[in-house]
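Here's input13.txt, which has compact mmCIF, C-alpha atoms:
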```
# COMPACT_ATOMS: atom_id res chain seq x y z
CA MET A 1 -12.20 27.15 10.41
CA ARG A 2 -8.96 25.71 11.74
CA ILE A 3 -8.59 22.16 10.44
CA GLY A 4 -5.96 19.71 11.68
CA LEU A 5 -4.73 16.91 9.39
CA TYR A 6 -3.15 13.58 10.28
CA GLY A 7 0.41 13.52 8.95
CA ARG A 8 2.03 10.35 10.22
CA VAL A 9 0.92 8.44 7.13
CA LEU A 10 3.13 10.69 4.96
CA LEU A 11 6.51 9.25 5.92
CA LYS A 12 7.30 7.45 2.66
CA PRO A 13 5.77 6.58 -0.71
CA GLY A 14 3.76 3.39 -0.74
CA SER A 15 0.10 2.49 -0.64
CA GLY A 16 -2.85 4.21 -2.20
CA ILE A 17 -3.71 5.62 1.23
CA VAL A 18 -0.38 7.47 1.28
CA ARG A 19 -0.98 8.88 -2.20
CA TYR A 20 -4.55 9.82 -1.27
CA SER A 21 -3.34 11.62 1.87
CA TYR A 22 -0.80 13.70 -0.06
CA ASP A 23 -3.29 14.55 -2.77
CA LEU A 24 -5.96 15.43 -0.21
CA ILE A 25 -3.71 17.97 1.49
CA GLU A 26 -2.44 19.47 -1.76
CA ASN A 27 -5.96 19.93 -3.07
CA LEU A 28 -7.36 21.30 0.17
CA LEU A 29 -4.67 23.98 0.02
CA LYS A 30 -5.40 24.58 -3.67
CA TYR A 31 -9.20 24.84 -3.53
CA ASP A 32 -9.91 26.10 0.00
CA LYS A 33 -8.40 29.53 0.66
CA LYS A 34 -10.77 30.36 3.55
CA ASP A 35 -9.78 27.76 6.14
CA LYS A 36 -6.48 27.28 7.94
CA PHE A 37 -4.85 23.84 7.71
CA ILE A 38 -2.38 22.41 10.24
CA LEU A 39 -0.53 19.16 9.59
CA TYR A 40 0.46 17.06 12.62
CA VAL A 41 3.55 14.87 12.23
CA GLN A 42 5.70 12.98 14.69
CA LYS A 43 8.78 14.88 15.84
CA ASN A 44 11.71 14.53 13.40
CA HIS A 45 9.48 12.67 10.91
CA LEU A 46 8.65 15.24 8.27
CA PRO A 47 6.78 14.34 5.04
CA TYR A 48 8.97 13.28 2.14
CA ARG A 49 7.28 15.83 -0.16
CA GLU A 50 6.91 19.56 0.40
CA PHE A 51 3.59 21.39 0.56
CA ASP A 52 2.43 24.93 -0.09
CA SER A 53 3.88 27.36 2.46
CA THR A 54 0.39 28.20 3.77
CA LEU A 55 0.31 24.81 5.49
CA GLU A 56 1.46 24.89 9.11
CA ILE A 57 3.36 21.79 10.21
CA HIS A 58 3.36 20.94 13.91
CA GLU A 59 5.78 18.29 15.18
CA VAL A 60 4.26 16.22 17.98
CA ASN A 61 6.67 15.02 20.64
CA LEU A 62 4.68 11.92 21.59
CA PRO A 63 5.16 8.24 20.74
CA TYR A 64 2.71 7.18 18.04
CA PHE A 65 0.58 4.97 20.32
CA MET A 66 -0.18 8.08 22.44
CA TRP A 67 -1.81 9.81 19.46
CA ARG A 68 -4.94 7.92 20.47
CA THR A 69 -4.92 9.35 24.00
CA SER A 70 -6.06 12.52 25.78
CA LEU A 71 -2.44 13.79 25.70
CA PHE A 72 -2.67 14.25 21.94
CA THR A 73 -6.19 15.65 22.32
CA ARG A 74 -4.81 18.38 24.61
CA ILE A 75 -2.32 19.41 21.92
CA LEU A 76 -5.13 19.74 19.39
CA ASP A 77 -7.28 21.64 21.90
CA LYS A 78 -4.46 24.12 22.57
CA ASP A 79 -4.22 24.77 18.84
CA ASP A 80 -7.87 25.81 18.92
CA LEU A 81 -8.93 23.41 16.17
CA ASP A 82 -12.45 23.22 14.84
CA ILE A 83 -11.90 19.87 13.08
CA TYR A 84 -9.28 17.14 13.14
CA HIS A 85 -9.30 14.87 10.06
CA SER A 86 -7.45 11.58 9.89
CA SER A 87 -7.10 10.33 6.31
CA ALA A 88 -6.17 6.85 7.60
CA TYR A 89 -8.60 5.81 10.35
CA THR A 90 -6.55 6.69 13.48
CA LEU A 91 -8.24 9.14 15.86
CA PRO A 92 -7.88 10.10 19.54
CA LEU A 93 -10.12 7.76 21.51
CA VAL A 94 -11.67 10.61 23.46
CA SER A 95 -15.36 11.36 23.79
CA LYS A 96 -16.74 14.57 22.23
CA LYS A 97 -17.56 16.01 25.65
CA PHE A 98 -13.84 15.92 26.58
CA ARG A 99 -12.54 17.79 23.52
CA SER A 100 -13.39 21.11 21.90
CA PHE A 101 -12.99 20.02 18.26
CA SER A 102 -14.88 17.66 15.95
CA THR A 103 -13.31 14.62 14.32
CA VAL A 104 -13.45 13.15 10.82
CA SER A 105 -12.01 9.80 9.76
CA THR A 106 -11.59 8.51 6.21
CA PHE A 107 -12.28 4.79 5.77
CA HIS A 108 -10.64 3.01 2.82
CA GLY A 109 -12.03 -0.46 3.47
CA LEU A 110 -12.65 -3.00 6.24
CA HIS A 111 -10.07 -5.54 5.09
CA PRO A 112 -9.03 -6.84 8.55
CA GLU A 113 -12.68 -7.34 9.51
CA ILE A 114 -13.53 -9.32 6.39
CA PHE A 115 -10.21 -11.19 6.08
CA TRP A 116 -9.51 -11.62 9.81
CA GLN A 117 -6.49 -13.87 10.30
CA SER A 118 -5.07 -13.50 13.80
CA PHE A 119 -5.48 -12.08 17.28
CA LYS A 120 -3.12 -9.28 16.23
CA ASP A 121 -5.56 -8.35 13.46
CA ASN A 122 -8.35 -8.19 16.03
CA ILE A 123 -6.37 -5.81 18.24
CA TYR A 124 -5.50 -3.66 15.21
CA CYS A 125 -9.16 -3.49 14.23
CA SER A 126 -10.17 -2.47 17.74
CA LEU A 127 -7.58 0.32 17.98
CA ASP A 128 -8.08 1.82 14.54
CA TYR A 129 -11.11 0.71 12.55
CA ARG A 130 -13.74 0.07 15.22
CA SER A 131 -12.68 2.88 17.51
CA ALA A 132 -12.46 5.39 14.66
CA ALA A 133 -16.00 4.49 13.60
CA ILE A 134 -17.25 5.10 17.14
CA PHE A 135 -15.28 8.25 18.03
CA ALA A 136 -15.52 10.01 14.66
CA ASP A 137 -18.14 12.72 14.48
CA ARG A 138 -18.25 12.15 10.73
CA ILE A 139 -16.95 9.30 8.60
CA GLN A 140 -15.85 9.69 4.99
CA ALA A 141 -16.17 6.37 3.14
CA VAL A 142 -14.54 5.92 -0.26
CA SER A 143 -17.58 4.16 -1.78
CA ASN A 144 -21.29 3.60 -1.28
CA THR A 145 -20.48 -0.08 -0.84
CA LEU A 146 -18.16 0.72 2.06
CA LYS A 147 -20.71 3.08 3.60
CA GLU A 148 -23.18 0.20 3.82
CA GLU A 149 -20.50 -2.08 5.32
CA ILE A 150 -19.62 0.45 8.03
CA HIS A 151 -23.30 0.84 8.84
CA LYS A 152 -23.85 -2.93 8.99
CA ILE A 153 -20.67 -4.04 10.79
CA TYR A 154 -20.13 -1.10 13.15
CA LYS A 155 -23.79 -0.12 13.61
CA GLN A 156 -23.07 3.49 12.69
CA PRO A 157 -26.00 5.61 11.40
CA LEU A 158 -26.02 6.16 7.64
CA ASP A 159 -26.44 9.92 8.07
CA LYS A 160 -23.08 10.04 9.87
CA ILE A 161 -21.27 8.63 6.83
CA ASP A 162 -20.40 10.68 3.73
CA VAL A 163 -19.32 9.01 0.51
CA VAL A 164 -16.14 10.69 -0.74
CA TYR A 165 -14.33 8.88 -3.54
CA PHE A 166 -10.57 8.93 -4.01
CA GLY A 167 -9.39 11.77 -6.21
CA LEU A 168 -7.25 10.85 -9.19
CA SER A 169 -3.58 11.86 -8.92
CA LYS A 170 -2.40 14.14 -11.72
CA GLU A 171 0.33 11.63 -12.65
CA PHE A 172 -2.22 9.23 -14.12
CA GLN A 173 -2.78 10.22 -17.74
CA PRO A 174 -2.22 8.72 -21.18
CA ILE A 175 1.32 8.27 -22.46
CA SER A 176 2.26 10.06 -25.65
CA SER A 177 4.87 9.47 -28.35
CA LYS A 178 7.04 11.98 -26.50
CA ASN A 179 7.59 9.34 -23.79
CA ALA A 180 9.73 7.06 -25.98
CA ALA A 181 12.73 7.43 -23.68
CA LYS A 182 10.67 6.37 -20.67
CA GLU A 183 9.24 3.45 -22.64
CA LYS A 184 12.77 2.31 -23.41
CA ALA A 185 13.70 2.66 -19.73
CA ILE A 186 10.73 0.47 -18.75
CA TYR A 187 11.93 -2.23 -21.14
CA GLU A 188 15.49 -2.06 -19.83
CA ARG A 189 14.34 -2.15 -16.22
CA TYR A 190 11.64 -4.83 -16.40
CA GLY A 191 12.11 -6.52 -19.77
CA ILE A 192 8.55 -5.75 -20.94
CA ARG A 193 7.47 -4.05 -24.17
CA LYS A 194 4.46 -1.96 -25.10
CA GLY A 195 1.39 -4.12 -25.69
CA LYS A 196 3.34 -7.31 -24.98
CA TYR A 197 2.18 -8.04 -21.43
CA ILE A 198 -0.93 -8.10 -19.26
CA LEU A 199 -0.63 -6.09 -16.04
CA CYS A 200 -2.21 -7.47 -12.88
CA VAL A 201 -2.39 -5.16 -9.85
CA SER A 202 -1.89 -7.79 -7.22
CA GLY A 203 -0.59 -8.06 -3.66
CA THR A 204 0.20 -10.50 -0.89
CA THR A 205 -3.10 -10.47 1.05
CA LYS A 206 -5.92 -12.99 0.52
CA ASN A 207 -8.35 -10.50 -0.96
CA LYS A 208 -6.00 -9.78 -3.89
CA ASN A 209 -6.87 -13.21 -5.36
CA THR A 210 -3.43 -13.73 -6.91
CA GLU A 211 -3.56 -17.53 -6.82
CA THR A 212 -6.67 -17.58 -9.00
CA ILE A 213 -4.94 -15.47 -11.65
CA LEU A 214 -1.88 -17.73 -11.65
CA LYS A 215 -4.16 -20.73 -12.21
CA ALA A 216 -5.89 -18.83 -15.01
CA TRP A 217 -2.49 -18.18 -16.61
CA SER A 218 -1.70 -21.88 -16.56
CA ILE A 219 -4.99 -22.52 -18.41
CA LEU A 220 -4.12 -19.80 -20.92
CA LYS A 221 -0.63 -21.17 -21.51
CA PHE A 222 -1.40 -24.87 -21.89
CA LYS A 223 -4.96 -24.91 -23.20
CA HIS A 224 -4.96 -21.79 -25.38
CA LYS A 225 -1.23 -21.42 -26.18
CA PHE A 226 -1.32 -17.85 -24.87
CA LYS A 227 2.12 -16.24 -25.07
CA LEU A 228 1.95 -12.87 -23.28
CA PRO A 229 3.50 -12.76 -19.80
CA LEU A 230 1.58 -11.85 -16.68
CA VAL A 231 3.18 -8.89 -14.89
CA LEU A 232 2.24 -8.99 -11.20
CA LEU A 233 2.51 -5.60 -9.55
CA ARG A 234 3.11 -5.53 -5.77
CA ALA A 235 3.51 -9.30 -5.53
CA ASP A 236 6.07 -11.33 -3.59
CA LEU A 237 7.03 -14.00 -6.14
CA ASN A 238 9.01 -16.00 -3.59
CA LYS A 239 5.81 -16.80 -1.68
CA LYS A 240 4.20 -18.09 -4.87
CA LEU A 241 7.12 -20.01 -6.39
CA THR A 242 5.85 -23.45 -5.34
CA LEU A 243 2.44 -22.76 -6.84
CA ILE A 244 3.90 -21.18 -9.99
CA LYS A 245 6.16 -24.16 -10.66
CA SER A 246 3.39 -26.65 -9.92
CA LEU A 247 1.27 -24.90 -12.55
CA GLY A 248 4.03 -25.25 -15.13
CA LEU A 249 4.68 -21.51 -15.29
CA LEU A 250 8.18 -20.07 -15.65
CA PRO A 251 9.14 -17.25 -13.25
CA GLY A 252 10.62 -14.33 -15.15
CA LYS A 253 9.07 -15.49 -18.44
CA ASP A 254 5.41 -16.44 -17.96
CA VAL A 255 5.15 -14.50 -14.70
CA ILE A 256 7.11 -11.34 -13.96
CA ALA A 257 6.86 -9.80 -10.49
CA ILE A 258 7.40 -6.10 -9.87
CA ASP A 259 7.45 -4.57 -6.40
CA TRP A 260 6.18 -1.07 -5.61
CA VAL A 261 7.33 1.35 -8.33
CA ASP A 262 7.14 5.00 -9.35
CA ASP A 263 6.40 3.93 -12.94
CA MET A 264 2.74 3.06 -12.39
CA ARG A 265 1.48 5.34 -15.13
CA TYR A 266 3.73 3.68 -17.70
CA LEU A 267 3.05 0.14 -16.54
CA TYR A 268 -0.67 0.81 -16.97
CA GLY A 269 -0.34 2.68 -20.25
CA LEU A 270 2.07 0.27 -21.95
CA SER A 271 0.12 -2.87 -21.01
CA ASN A 272 -2.13 -4.68 -23.49
CA PHE A 273 -4.72 -4.28 -20.76
CA THR A 274 -4.93 -4.36 -16.96
CA ILE A 275 -6.66 -6.89 -14.71
CA TYR A 276 -7.69 -6.25 -11.12
CA PRO A 277 -8.81 -9.58 -9.61
CA SER A 278 -9.37 -8.52 -5.99
CA ILE A 279 -12.44 -9.97 -4.29
CA TYR A 280 -12.68 -7.22 -1.66
CA GLU A 281 -11.81 -3.51 -1.68
CA GLY A 282 -13.17 -0.31 -0.22
CA LEU A 283 -13.27 1.00 -3.79
CA GLY A 284 -10.57 -0.56 -6.01
CA PHE A 285 -8.84 2.59 -7.19
CA PRO A 286 -6.26 0.94 -9.52
CA ILE A 287 -9.25 0.39 -11.81
CA ILE A 288 -9.61 4.17 -12.21
CA GLU A 289 -5.86 4.75 -12.45
CA ALA A 290 -5.58 2.26 -15.32
CA MET A 291 -8.53 3.82 -17.14
CA ALA A 292 -7.02 7.29 -16.84
CA CYS A 293 -3.84 5.96 -18.46
CA GLY A 294 -5.74 4.49 -21.41
CA ALA A 295 -5.66 0.83 -20.35
CA PRO A 296 -8.76 -1.36 -20.82
CA VAL A 297 -9.68 -3.12 -17.56
CA ILE A 298 -11.03 -6.49 -16.47
CA THR A 299 -12.04 -6.68 -12.82
CA SER A 300 -14.15 -8.69 -10.37
CA ASN A 301 -17.90 -8.32 -10.15
CA ALA A 302 -17.56 -8.27 -6.37
CA SER A 303 -17.40 -5.88 -3.44
CA ALA A 304 -16.94 -2.25 -4.60
CA MET A 305 -15.24 -3.03 -7.92
CA PRO A 306 -18.40 -2.59 -10.04
CA GLU A 307 -18.97 0.78 -8.36
CA ALA A 308 -15.47 1.89 -9.29
CA ALA A 309 -15.70 0.53 -12.84
CA GLY A 310 -19.12 1.85 -13.78
CA ASN A 311 -19.86 0.63 -17.30
CA ALA A 312 -16.24 0.99 -18.39
CA ALA A 313 -14.72 -2.41 -17.57
CA LEU A 314 -15.24 -6.09 -18.31
CA LEU A 315 -16.51 -7.84 -15.16
CA VAL A 316 -15.83 -11.42 -14.05
CA ASN A 317 -18.90 -12.70 -12.22
CA ASN A 318 -17.17 -15.49 -10.31
CA PRO A 319 -13.74 -14.02 -9.49
CA THR A 320 -12.45 -17.15 -7.73
CA ASP A 321 -12.93 -19.26 -10.88
CA PRO A 322 -9.69 -19.41 -12.97
CA THR A 323 -11.62 -20.49 -16.07
CA GLU A 324 -13.81 -17.39 -16.00
CA TRP A 325 -10.69 -15.23 -15.82
CA SER A 326 -8.98 -17.06 -18.69
CA ASP A 327 -12.14 -16.73 -20.80
CA ALA A 328 -12.44 -13.01 -20.05
CA ILE A 329 -8.77 -12.40 -20.83
CA LEU A 330 -9.01 -14.24 -24.15
CA SER A 331 -12.22 -12.41 -25.00
CA LEU A 332 -10.69 -8.97 -24.51
CA TYR A 333 -7.34 -9.86 -26.06
CA SER A 334 -8.98 -11.06 -29.28
CA ASN A 335 -11.46 -8.19 -29.59
CA PRO A 336 -9.84 -4.87 -30.66
CA GLU A 337 -13.24 -3.17 -30.97
CA LEU A 338 -14.11 -4.03 -27.35
CA LYS A 339 -10.72 -2.79 -26.17
CA GLU A 340 -11.21 0.51 -27.99
CA GLU A 341 -14.70 0.88 -26.54
CA LEU A 342 -13.44 0.26 -22.99
CA VAL A 343 -10.62 2.78 -23.43
CA LYS A 344 -13.11 5.50 -24.44
CA LYS A 345 -15.50 4.65 -21.62
CA GLY A 346 -12.58 4.47 -19.20
CA PHE A 347 -11.45 8.02 -19.96
CA GLU A 348 -14.99 9.27 -19.28
CA ARG A 349 -15.26 7.26 -16.06
CA ALA A 350 -11.94 8.60 -14.78
CA LYS A 351 -13.21 12.18 -15.13
CA GLU A 352 -15.68 11.49 -12.32
CA PHE A 353 -12.75 11.17 -9.92
CA SER A 354 -11.10 14.54 -10.56
CA TRP A 355 -9.99 16.35 -7.42
CA ASP A 356 -11.98 19.49 -8.19
CA LYS A 357 -15.12 17.36 -7.77
CA ILE A 358 -13.87 15.28 -4.85
CA ILE A 359 -12.62 18.18 -2.74
CA LYS A 360 -16.10 19.75 -2.74
CA LYS A 361 -17.43 16.60 -1.10
CA VAL A 362 -14.64 16.68 1.50
CA LEU A 363 -15.46 20.28 2.36
CA ASN A 364 -19.21 19.63 2.43
CA SER A 365 -18.54 16.88 4.95
CA TYR A 366 -16.60 19.37 7.10
CA ARG A 367 -19.42 21.95 6.90
CA LYS A 368 -21.87 19.47 8.40
CA LEU A 369 -19.91 19.77 11.65
CA LYS A 370 -20.28 23.54 12.05
```

For this file, write the structure as structure tokens.
Amino acid sequence: MRIGLYGRVLLKPGSGIVRYSYDLIENLLKYDKKDKFILYVQKNHLPYREFDSTLEIHEVNLPYFMWRTSLFTRILDKDDLDIYHSSAYTLPLVSKKFRSFSTVSTFHGLHPEIFWQSFKDNIYCSLDYRSAAIFADRIQAVSNTLKEEIHKIYKQPLDKIDVVYFGLSKEFQPISSKNAAKEKAIYERYGIRKGKYILCVSGTTKNKNTETILKAWSILKFKHKFKLPLVLLRADLNKKLTLIKSLGLLPGKDVIAIDWVDDMRYLYGLSNFTIYPSIYEGLGFPIIEAMACGAPVITSNASAMPEAAGNAALLVNNPTDPTEWSDAILSLYSNPELKEELVKKGFERAKEFSWDKIIKKVLNSYRKLK
């Protein structure tokens, strides 16, 4: 088969969707030697990483908004595609009877639907999420939880939706004693030492639940005399300064904010443990990344997080309650046996997300369209 792949998402490092898209392409080229893959990128906007030479790269001389139109469909038709797969929702909004190829869209979550905030969000949902659900011939959802949400919210039949988890990037693995130089560099860059901080994979959107964790840290500091700092990854501290100060927390000491980094593996692996407080995700893949790096995990018993965690994490049943978070953090911090048990279970859980397993599910989804 000739399979086209959506490449506009590959412009720069960033979200998990970007990493997933790169890994998807690399592993399709690695494990599937029968099919031909063509990557479509906007003209003069090549991916920042190189791929195997067997991948054809076609530069599309159309503005991005026209990738949803019949003009882009004609380009794909001329290339005699069998399948066009978007790893980030966006598809041509063209009925099957007006194109010669089938379409696949990967869904990573329905965040704008569940945390709708503005008219702009509604337009965005219509153009990408809702339309992709309708015009896709097959949908790949990153969890069973998300599959049910797509079925319920978009009224799509369950047999149209395949569950295909994220595959784990090869960079996420335990740190060894050989990484002492990198450990020193982490300290010099961020001022944090091995085992002397709790990592929280956070963010700026409502679902990330950052305010609850800050309130929990205030409880830990003043009620329990807890000394370790909270390291917030992907958080904008300036937007939280008023809250932080009102809680009696010191920016840079009690709370350290780190923007997007290339040191994720080390931040996970050097932490005392990792917390993931989100109340909604399509899967919650930082849970798996942390486990693969040897970090025990506490996460929310909400949305798809239990599905990601399996039996390998400590779950907080009411994730919007700061006291439950402070209790869970104290419980894990003071229990070395529990930490060791979660590390072992975490390594086993992470094995379920290896790309050699995931890519088979991607290809099986393609074969259903033949």

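The closest residue to A:Glu56, picked from A:Leu5, A:Ser102, A:Pro112, A:Tyr89 and counting all atoms listed in the file, is A:Leu5.
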
Item checked: Test item: which residues lie within 7 Å of (6.3, 2.9, -24.5) counting all atoms listed in the file, as a PyMOL selection string -> chain A and resi 179-180+182-184+194+270

Selected residues written out with C-alpha atoms, as an mmCIF file, in the coordinates of the input:
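Once written, part_12.cif looks like this:
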```cif
data_model
loop_
_atom_site.group_PDB
_atom_site.id
_atom_site.type_symbol
_atom_site.label_atom_id
_atom_site.label_comp_id
_atom_site.auth_asym_id
_atom_site.auth_seq_id
_atom_site.Cartn_x
_atom_site.Cartn_y
_atom_site.Cartn_z
ATOM 1 C CA ASN A 179 7.590 9.340 -23.790
ATOM 2 C CA ALA A 180 9.730 7.060 -25.980
ATOM 3 C CA LYS A 182 10.670 6.370 -20.670
ATOM 4 C CA GLU A 183 9.240 3.450 -22.640
ATOM 5 C CA LYS A 184 12.770 2.310 -23.410
ATOM 6 C CA LYS A 194 4.460 -1.960 -25.100
ATOM 7 C CA LEU A 270 2.070 0.270 -21.950
#
```

Margin query: Set the distance at 12 Å and use all atoms listed in the file: which residues neighbour A:Glu341 once local chain neighbours fewer than 3 positions away are removed? I'd like the list as a list in words.
Written below: Met291, Gly294, Ala295, Pro296, Val297, Asn311, Ala312, Ala313, Leu314, Leu332, Asn335, Pro336, Glu337, Leu338, Lys344, Lys345, Gly346, Phe347 and Glu348 of chain A

Item checked: Spatial neighbours of A:Leu232, max dist 12 Å, only C-alpha atoms, sep filter under 2 positions, as a VMD selection string -> chain A and resid 190 197 to 204 208 to 211 213 to 214 217 229 to 230 234 to 237 240 251 to 261 267 to 268 271 274 to 277

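Of the listed residues (A:Val142, A:Ile134, A:Ile298, A:Leu71), A:Ile298 comes nearest to A:Asn317; the distances count only C-alpha atoms.
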
Next item on the list: Extract, using all atoms listed in the file, all DNA, RNA and protein residues at most 12 Å from A:Leu168, discarding same-chain residues fewer than 4 positions from it, and format them as a PyMOL selection string.
Entry: chain A and resi 16+19-24+27+172-173+265+285-293+347+349-359

Notebook entry, point to check: Do you have the atom CA of A:Phe135-atom CA of A:Gly284 distance handy?
Noted result: 26.0 Å

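Considering the residues A:Ala88, A:Val60, A:Val104, A:Val164 and counting all atoms listed in the file, A:Leu369 has its shortest atom-to-atom contact with A:Val104.
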
Notebook entry, point to check: Within 7 Å of A:His108, counting all atoms listed in the file, which residues qualify if same-chain residues fewer than 2 places away don't, as an MDAnalysis selection string?
Noted result: chainID A and resid 106 141:142 282

Next item on the list: Would you please work out which residue, of A:Leu110, A:Glu188, A:Ala181, A:His45, is nearest to A:Tyr154 when using all atoms listed in the file?
Entry: A:Leu110

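When all atoms listed in the file are used to compute distances to A:Val343, the closest of the residues A:Leu220, A:Thr54, A:Phe226, A:Pro174 turns out to be A:Pro174.
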
Next item on the list: Mind giving me the straight-line distance from atom CA of A:Ile83 to atom CA of A:Ala304 in Å, one decimal?
Entry: 28.8 Å

Notebook entry, point to check: Using all atoms listed in the file, which residues sit within 9 Å of A:Thr323 once same-chain residues fewer than 6 positions away are excluded, as an MDAnalysis selection string?
Noted result: chainID A and resid 215:216 219:220

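If you look at atom CA of A:Arg8 and atom CA of A:Val41, they are 5.2 Å away from each other.
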
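Remark: for A:Asp321, the closest of the candidate residues A:Ile279, A:Glu307, A:Phe107, A:Glu340 is A:Ile279 (distances computed over all atoms listed in the file).
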
Note to self: Counting only C-alpha atoms, which residues sit no farther than 12 Å from the position (-8.7, 10.4, 18.4) in the file's frame? I'd like them as a PyMOL selection string.
What the structure shows: chain A and resi 4-6+64-77+83-86+88-96+98-99+101-105+127-137

Coordinates of box centre and edge lengths for stretch 27-34 of chain A, 3 Å on every side, axis-aligned, as AutoDock Vina command-line options:
```
--center_x -7.7 --center_y 25.1 --center_z -0.1 --size_x 12.1 --size_y 16.4 --size_z 13.2
```
